[in-house]
Amino acid sequence: MGGNVRRLLLGLAISGLLWTVACGGSGSSNNINSSNNTGGSTNNAGGTNNNGGTSTAGTITPAAITSNVAALTVDGGPIPCGTQPSCGYSNLAFVNIIVCPPNSSSSTATGCVPIDHVMVDTGSDGLRIPSEVFTATQLASLPNVKISGSPIAECIQYAGLTFNWGSVRTADVYIGGSNNQGEVAHAIPIHVLAPPRGVDTSVPTGNLIPSACSTTIGSNEQSTSALESDTVATLSAKGLIGLGPYISDCDYAGTEAEGAYGPNNPCSSSSTMPTASVIYYSCPSPTAGCSTTAPSVPYAQQVSNPVAAFKTDNNGVILELPQVALGGVASTVTGSLVFGIGTNASGNNALTGGATVLAIDTNIANPDWAGFTTQFYGNSYPDTADNNTLLNAGGYSIGSYIDSGSSVMFFLDQPTLATIPAASSIVSCGDSYCTTSGSGAYRTVGPLSATNVDANGNSRGLTFDVSNANSLLSNGVAFSDMAAPNTTGASLNSVEEASDALFDWGLPFFYGRNVYSAIQGVTPPSGVSAGPWWAY
Amino acid sequence: MKIENGSRTQAFVALLAGVVLLLLLTPARASAALGGDVTSVEADRQQMKATRSTAVQAVDSKYTVHVITTPYGTVVREYVSPDGKVFGVAWRGPFLPNFQQLLGDSYAEFAQGAQQARSGAVRRSRNAPLTVAQPDFVMHSGGHMRAYVGSAYLPGMIPSGVDPKDIR
């Protein structure tokens, strides 16, 4: 997922910007032609491998707002500065939605709630809304999903060791068009986040959250836990809309489950599950803890990707964000979130513009499972050769990936930077990358070159830049040249821990490119291959 | 890490059978994996309702790897020193493992370290890889929904000659 949360520390401005002009250090070592957005769409379903050339961020024209298109904005988030400490988040993309009671007659029916600043996350699936966004009355009109008579709660854990906790409820979700009602997902399960002392009293909260979820003793009545992320302030958004490449947030559709889970789907078959659940919990009483027996939650009752429930524009999304100049911009960036791929007669969601389809590796035995391999100056992330020395078929790595919910590009760390040109110009500074020399006011290093290669051998290159994060942060709300190391910490000298050996192509990657994300398990229109895949 | 193969297969199989038998005969313990005895691996396996448990001997005999496959698809690897102590654990799969079970006596240190690491990473994505670096406990956690990968180890218990990056 993503929920990424980059706090813009306005006070962090580095005084005395260095206007040093130095070698940007490009020097690509990739043997990829630099053909920018030429030719038609390339969609290799078997046959020869497709070398998709190199994508360079450029001028794009986001699709006009119509029923299957929603405005997509990057504007610093829902909390105005002046109400510190939660104001000012950069590089998060938001949409407006309307949440209604299930099977409402329209988006203006009684109980419907317009919600702004819902963060678009292609790295997860399902809609998650903090309960504080609703009144108690509005929440009461969204019925709890129950299994054997008991409300179920959900726990989503993130690699960054935060978590979302709350009830599963049924709602209609409207989005798109000039009135945010162009598309609708009727009666889908959503996740209502329930912090301590929140509006939602249907499930246990605070210190009654099962420890298998909270992973910490720190979750308490005051919600001071740095790890619980269930409020607008901690999310830096009024909700997360997960529009990733899957229908549900737990099980897979069809046969992919066999590969990832073995013979059991952990969410819909509870019989062999551990006493502590994985995602879903059965919570008979809000004042007692949840059951130690995991509920069996049918696929249709798992929190799900709203797009997959649309009538026709349901096989994926396209994010179309305009180019952002080096150094960032202070004003709102507005683009388009397009629903469906190749589904619309008007052609506004066709797979065009030289985009290359990169399959998401669904074979859990492969090193790049759940993603692809990023080649970067002679090295591969994850490193296939290294992985193949492991006897266990499970391997240890996961693939590199594309994620709009990541606010910056995450890759490598201080030790592994030694492998690229101009390495000495990029250094870890706290939890970001800074540059010590480079072009222009923000000491930009680049363009750097990388190539993403999927499990079928299809490839697509790209170029990107890295500027000095501490200078950028004083300068606005959207940045195409902001990056951060995978591993932070002063004492670390190790290289390529398992969790480090990948690229996370966050929102900076999206500016100036149309980025497609196709959903597994949804039948695509003729001429479009079935998900899961990404294309750019 | 180097892997046993070829001419030593028979010995390996015998060793494997012995270890599995030992594990099956060992009663479950309340205390668990990281920092615990090799017998705690079986406690983990039972707690996780794992469907498989095998052991792989590193070719240089510096440690043994016990592989536990959980019913939810996550594979946990536990690294055991020659004197029978679990000095590292690693995971990879669709869900995070239960840290309270897996980290055993190190859980409190993890919980404190995770809070500190998170608080010190205000400019970092919630789903960005996170490192917890305490004096006696190190964890790397990465990945995203449906695909998590990570490791944890006790620096003071790593056998000499073993690189922490082998724990994965």
# chains A, B, ... in the order shown; residues from 1 in each chain; ligands from 1

call {"tool": "interface_residues", "arguments": {"of": "chain B", "to": "chain A", "cutoff": "8 Å", "atoms": "only C-alpha atoms", "output": "VMD selection string"}}
result
chain B and resid 1 to 3 47 to 49 71 to 75 91 to 96 98 to 100 108 111 114 to 115 118 to 119 121 to 131 133 140 to 151 164 to 165 168

call {"tool": "select_by_dssp", "arguments": {"residues": "region 98-308 of chain A", "states": "helix (DSSP H, G or I)", "output": "ChimeraX atom specification"}}
result
/A:131-133,136-140,206-208,211-214,232-235,256-261,299-301,306-308

call {"tool": "atom_distance", "arguments": {"atom1": "CA of Val132 (chain B)", "atom2": "CA of Cys155 (chain A)"}}
result
21.7 Å

call {"tool": "atom_distance", "arguments": {"atom1": "CA of Leu321 (chain A)", "atom2": "CA of His117 (chain A)"}}
result
16.1 Å

call {"tool": "closest_residue", "arguments": {"among": "A:Ala253, A:Ser167, A:Ala237, A:Ala70", "to": "Gln181 (chain A)", "atoms": "only C-alpha atoms"}}
result
A:Ala70

call {"tool": "atom_distance", "arguments": {"atom1": "CA of Asn207 (chain A)", "atom2": "CA of Ser141 (chain A)"}}
result
26.7 Å

call {"tool": "residues_around", "arguments": {"residues": "Gly88 (chain B)", "least_positions_apart": "6", "cutoff": "7 Å", "atoms": "only C-alpha atoms", "output": "VMD selection string"}}
result
chain B and resid 34 78 to 79 152 to 154 167

call {"tool": "write_last_selection", "arguments": {"atoms": "N, CA, C and O atoms", "output": "short mmCIF file (atom, residue, chain, number, x, y, z; two decimals), in the first residue's frame"}}
result
data_model
loop_
_atom_site.label_atom_id
_atom_site.label_comp_id
_atom_site.auth_asym_id
_atom_site.auth_seq_id
_atom_site.Cartn_x
_atom_site.Cartn_y
_atom_site.Cartn_z
N LEU B 34 13.15 -16.22 18.08
CA LEU B 34 14.41 -15.48 18.05
C LEU B 34 15.03 -15.43 19.44
O LEU B 34 14.40 -15.02 20.41
N GLU B 78 14.24 -19.77 9.93
CA GLU B 78 14.85 -19.52 11.23
C GLU B 78 16.29 -20.03 11.19
O GLU B 78 16.55 -21.16 10.81
N TYR B 79 17.22 -19.19 11.60
CA TYR B 79 18.65 -19.48 11.50
C TYR B 79 19.17 -19.89 12.87
O TYR B 79 19.06 -19.12 13.83
N ALA B 152 15.08 -10.29 10.82
CA ALA B 152 15.45 -9.74 12.12
C ALA B 152 16.55 -10.62 12.69
O ALA B 152 16.57 -11.83 12.45
N TYR B 153 17.48 -10.01 13.39
CA TYR B 153 18.55 -10.81 13.99
C TYR B 153 19.09 -10.15 15.24
O TYR B 153 18.83 -8.97 15.50
N LEU B 154 19.82 -10.97 16.01
CA LEU B 154 20.43 -10.51 17.25
C LEU B 154 21.93 -10.40 17.00
O LEU B 154 22.61 -11.43 16.93
N ILE B 167 20.91 -13.65 6.37
CA ILE B 167 19.63 -13.92 7.03
C ILE B 167 18.53 -13.31 6.19
O ILE B 167 18.26 -12.12 6.26
#

call {"tool": "residues_around", "arguments": {"residues": "Ile318 (chain A)", "least_positions_apart": "2", "cutoff": "7 Å", "atoms": "only C-alpha atoms", "output": "ChimeraX atom specification"}}
result
/A:320,337-339,514-517

call {"tool": "residues_around", "arguments": {"residues": "Thr523 (chain A)", "least_positions_apart": "4", "cutoff": "10 Å", "atoms": "only C-alpha atoms", "output": "list in words"}}
result
Ala308, Asn314, Asn315, Ile519, Val528, Ser529, Ala530 and Gly531 of chain A

call {"tool": "decode", "arguments": {"residues": "region 139-154 of chain A", "atoms": "all heavy atoms", "output": "mmCIF file, in the first residue's frame"}}
result
data_model
loop_
_atom_site.group_PDB
_atom_site.id
_atom_site.type_symbol
_atom_site.label_atom_id
_atom_site.label_comp_id
_atom_site.auth_asym_id
_atom_site.auth_seq_id
_atom_site.Cartn_x
_atom_site.Cartn_y
_atom_site.Cartn_z
ATOM 1 N N LEU A 139 -22.640 6.863 9.810
ATOM 2 C CA LEU A 139 -21.979 5.573 9.941
ATOM 3 C C LEU A 139 -23.003 4.465 10.167
ATOM 4 O O LEU A 139 -22.857 3.353 9.655
ATOM 5 C CB LEU A 139 -20.988 5.630 11.113
ATOM 6 C CG LEU A 139 -19.807 4.665 11.075
ATOM 7 C CD1 LEU A 139 -19.049 4.762 9.774
ATOM 8 C CD2 LEU A 139 -18.901 4.923 12.266
ATOM 9 N N ALA A 140 -24.052 4.794 10.913
ATOM 10 C CA ALA A 140 -25.073 3.787 11.206
ATOM 11 C C ALA A 140 -25.802 3.327 9.955
ATOM 12 O O ALA A 140 -26.373 2.235 9.925
ATOM 13 C CB ALA A 140 -26.064 4.343 12.225
ATOM 14 N N SER A 141 -25.765 4.142 8.912
ATOM 15 C CA SER A 141 -26.447 3.748 7.676
ATOM 16 C C SER A 141 -25.560 2.895 6.780
ATOM 17 O O SER A 141 -25.993 2.470 5.702
ATOM 18 C CB SER A 141 -26.917 4.992 6.919
ATOM 19 O OG SER A 141 -25.810 5.704 6.405
ATOM 20 N N LEU A 142 -24.347 2.659 7.221
ATOM 21 C CA LEU A 142 -23.452 1.742 6.496
ATOM 22 C C LEU A 142 -23.366 0.454 7.310
ATOM 23 O O LEU A 142 -22.634 0.382 8.299
ATOM 24 C CB LEU A 142 -22.054 2.355 6.336
ATOM 25 C CG LEU A 142 -21.982 3.743 5.700
ATOM 26 C CD1 LEU A 142 -20.525 4.218 5.641
ATOM 27 C CD2 LEU A 142 -22.607 3.753 4.319
ATOM 28 N N PRO A 143 -24.119 -0.572 6.941
ATOM 29 C CA PRO A 143 -24.224 -1.756 7.803
ATOM 30 C C PRO A 143 -22.913 -2.525 7.925
ATOM 31 O O PRO A 143 -22.152 -2.642 6.964
ATOM 32 C CB PRO A 143 -25.297 -2.593 7.102
ATOM 33 C CG PRO A 143 -25.346 -2.096 5.702
ATOM 34 C CD PRO A 143 -24.935 -0.667 5.730
ATOM 35 N N ASN A 144 -22.670 -3.021 9.122
ATOM 36 C CA ASN A 144 -21.497 -3.874 9.332
ATOM 37 C C ASN A 144 -21.629 -5.163 8.534
ATOM 38 O O ASN A 144 -22.710 -5.762 8.474
ATOM 39 C CB ASN A 144 -21.365 -4.256 10.814
ATOM 40 C CG ASN A 144 -20.816 -3.122 11.650
ATOM 41 O OD1 ASN A 144 -21.565 -2.263 12.102
ATOM 42 N ND2 ASN A 144 -19.517 -3.107 11.852
ATOM 43 N N VAL A 145 -20.532 -5.606 7.968
ATOM 44 C CA VAL A 145 -20.485 -6.955 7.419
ATOM 45 C C VAL A 145 -20.347 -7.912 8.594
ATOM 46 O O VAL A 145 -19.496 -7.726 9.465
ATOM 47 C CB VAL A 145 -19.296 -7.123 6.448
ATOM 48 C CG1 VAL A 145 -19.124 -8.586 6.048
ATOM 49 C CG2 VAL A 145 -19.495 -6.242 5.221
ATOM 50 N N LYS A 146 -21.228 -8.918 8.628
ATOM 51 C CA LYS A 146 -21.216 -9.856 9.744
ATOM 52 C C LYS A 146 -20.996 -11.278 9.239
ATOM 53 O O LYS A 146 -21.478 -11.653 8.167
ATOM 54 C CB LYS A 146 -22.524 -9.780 10.531
ATOM 55 C CG LYS A 146 -22.737 -8.424 11.207
ATOM 56 C CD LYS A 146 -24.022 -8.402 12.012
ATOM 57 C CE LYS A 146 -24.166 -7.043 12.714
ATOM 58 N NZ LYS A 146 -25.408 -6.958 13.494
ATOM 59 N N ILE A 147 -20.282 -12.043 10.040
ATOM 60 C CA ILE A 147 -20.095 -13.465 9.773
ATOM 61 C C ILE A 147 -20.612 -14.212 10.993
ATOM 62 O O ILE A 147 -20.183 -13.932 12.120
ATOM 63 C CB ILE A 147 -18.602 -13.802 9.539
ATOM 64 C CG1 ILE A 147 -18.044 -12.995 8.359
ATOM 65 C CG2 ILE A 147 -18.419 -15.309 9.318
ATOM 66 C CD1 ILE A 147 -18.655 -13.318 7.010
ATOM 67 N N SER A 148 -21.536 -15.114 10.780
ATOM 68 C CA SER A 148 -22.165 -15.847 11.887
ATOM 69 C C SER A 148 -22.698 -14.893 12.951
ATOM 70 O O SER A 148 -22.560 -15.140 14.154
ATOM 71 C CB SER A 148 -21.158 -16.832 12.510
ATOM 72 O OG SER A 148 -20.700 -17.736 11.546
ATOM 73 N N GLY A 149 -23.225 -13.777 12.508
ATOM 74 C CA GLY A 149 -23.861 -12.846 13.429
ATOM 75 C C GLY A 149 -22.940 -11.838 14.079
ATOM 76 O O GLY A 149 -23.400 -10.901 14.731
ATOM 77 N N SER A 150 -21.620 -11.996 13.921
ATOM 78 C CA SER A 150 -20.686 -11.080 14.563
ATOM 79 C C SER A 150 -20.076 -10.118 13.540
ATOM 80 O O SER A 150 -19.676 -10.530 12.451
ATOM 81 C CB SER A 150 -19.538 -11.862 15.220
ATOM 82 O OG SER A 150 -20.024 -12.631 16.281
ATOM 83 N N PRO A 151 -19.992 -8.827 13.910
ATOM 84 C CA PRO A 151 -19.292 -7.892 13.028
ATOM 85 C C PRO A 151 -17.849 -8.346 12.832
ATOM 86 O O PRO A 151 -17.234 -8.888 13.755
ATOM 87 C CB PRO A 151 -19.344 -6.567 13.786
ATOM 88 C CG PRO A 151 -20.463 -6.708 14.762
ATOM 89 C CD PRO A 151 -20.496 -8.166 15.119
ATOM 90 N N ILE A 152 -17.339 -8.126 11.645
ATOM 91 C CA ILE A 152 -15.926 -8.435 11.440
ATOM 92 C C ILE A 152 -15.130 -7.135 11.383
ATOM 93 O O ILE A 152 -15.628 -6.085 10.963
ATOM 94 C CB ILE A 152 -15.663 -9.291 10.188
ATOM 95 C CG1 ILE A 152 -16.195 -8.620 8.917
ATOM 96 C CG2 ILE A 152 -16.264 -10.672 10.354
ATOM 97 C CD1 ILE A 152 -15.797 -9.350 7.645
ATOM 98 N N ALA A 153 -13.909 -7.238 11.842
ATOM 99 C CA ALA A 153 -12.975 -6.125 11.777
ATOM 100 C C ALA A 153 -11.803 -6.540 10.904
ATOM 101 O O ALA A 153 -11.576 -7.731 10.671
ATOM 102 C CB ALA A 153 -12.484 -5.741 13.175
ATOM 103 N N GLU A 154 -11.087 -5.538 10.418
ATOM 104 C CA GLU A 154 -9.961 -5.839 9.546
ATOM 105 C C GLU A 154 -8.705 -5.143 10.041
ATOM 106 O O GLU A 154 -8.754 -4.019 10.553
ATOM 107 C CB GLU A 154 -10.250 -5.396 8.116
ATOM 108 C CG GLU A 154 -9.106 -5.719 7.164
ATOM 109 C CD GLU A 154 -9.405 -5.405 5.717
ATOM 110 O OE1 GLU A 154 -10.046 -4.379 5.444
ATOM 111 O OE2 GLU A 154 -8.971 -6.196 4.853
#
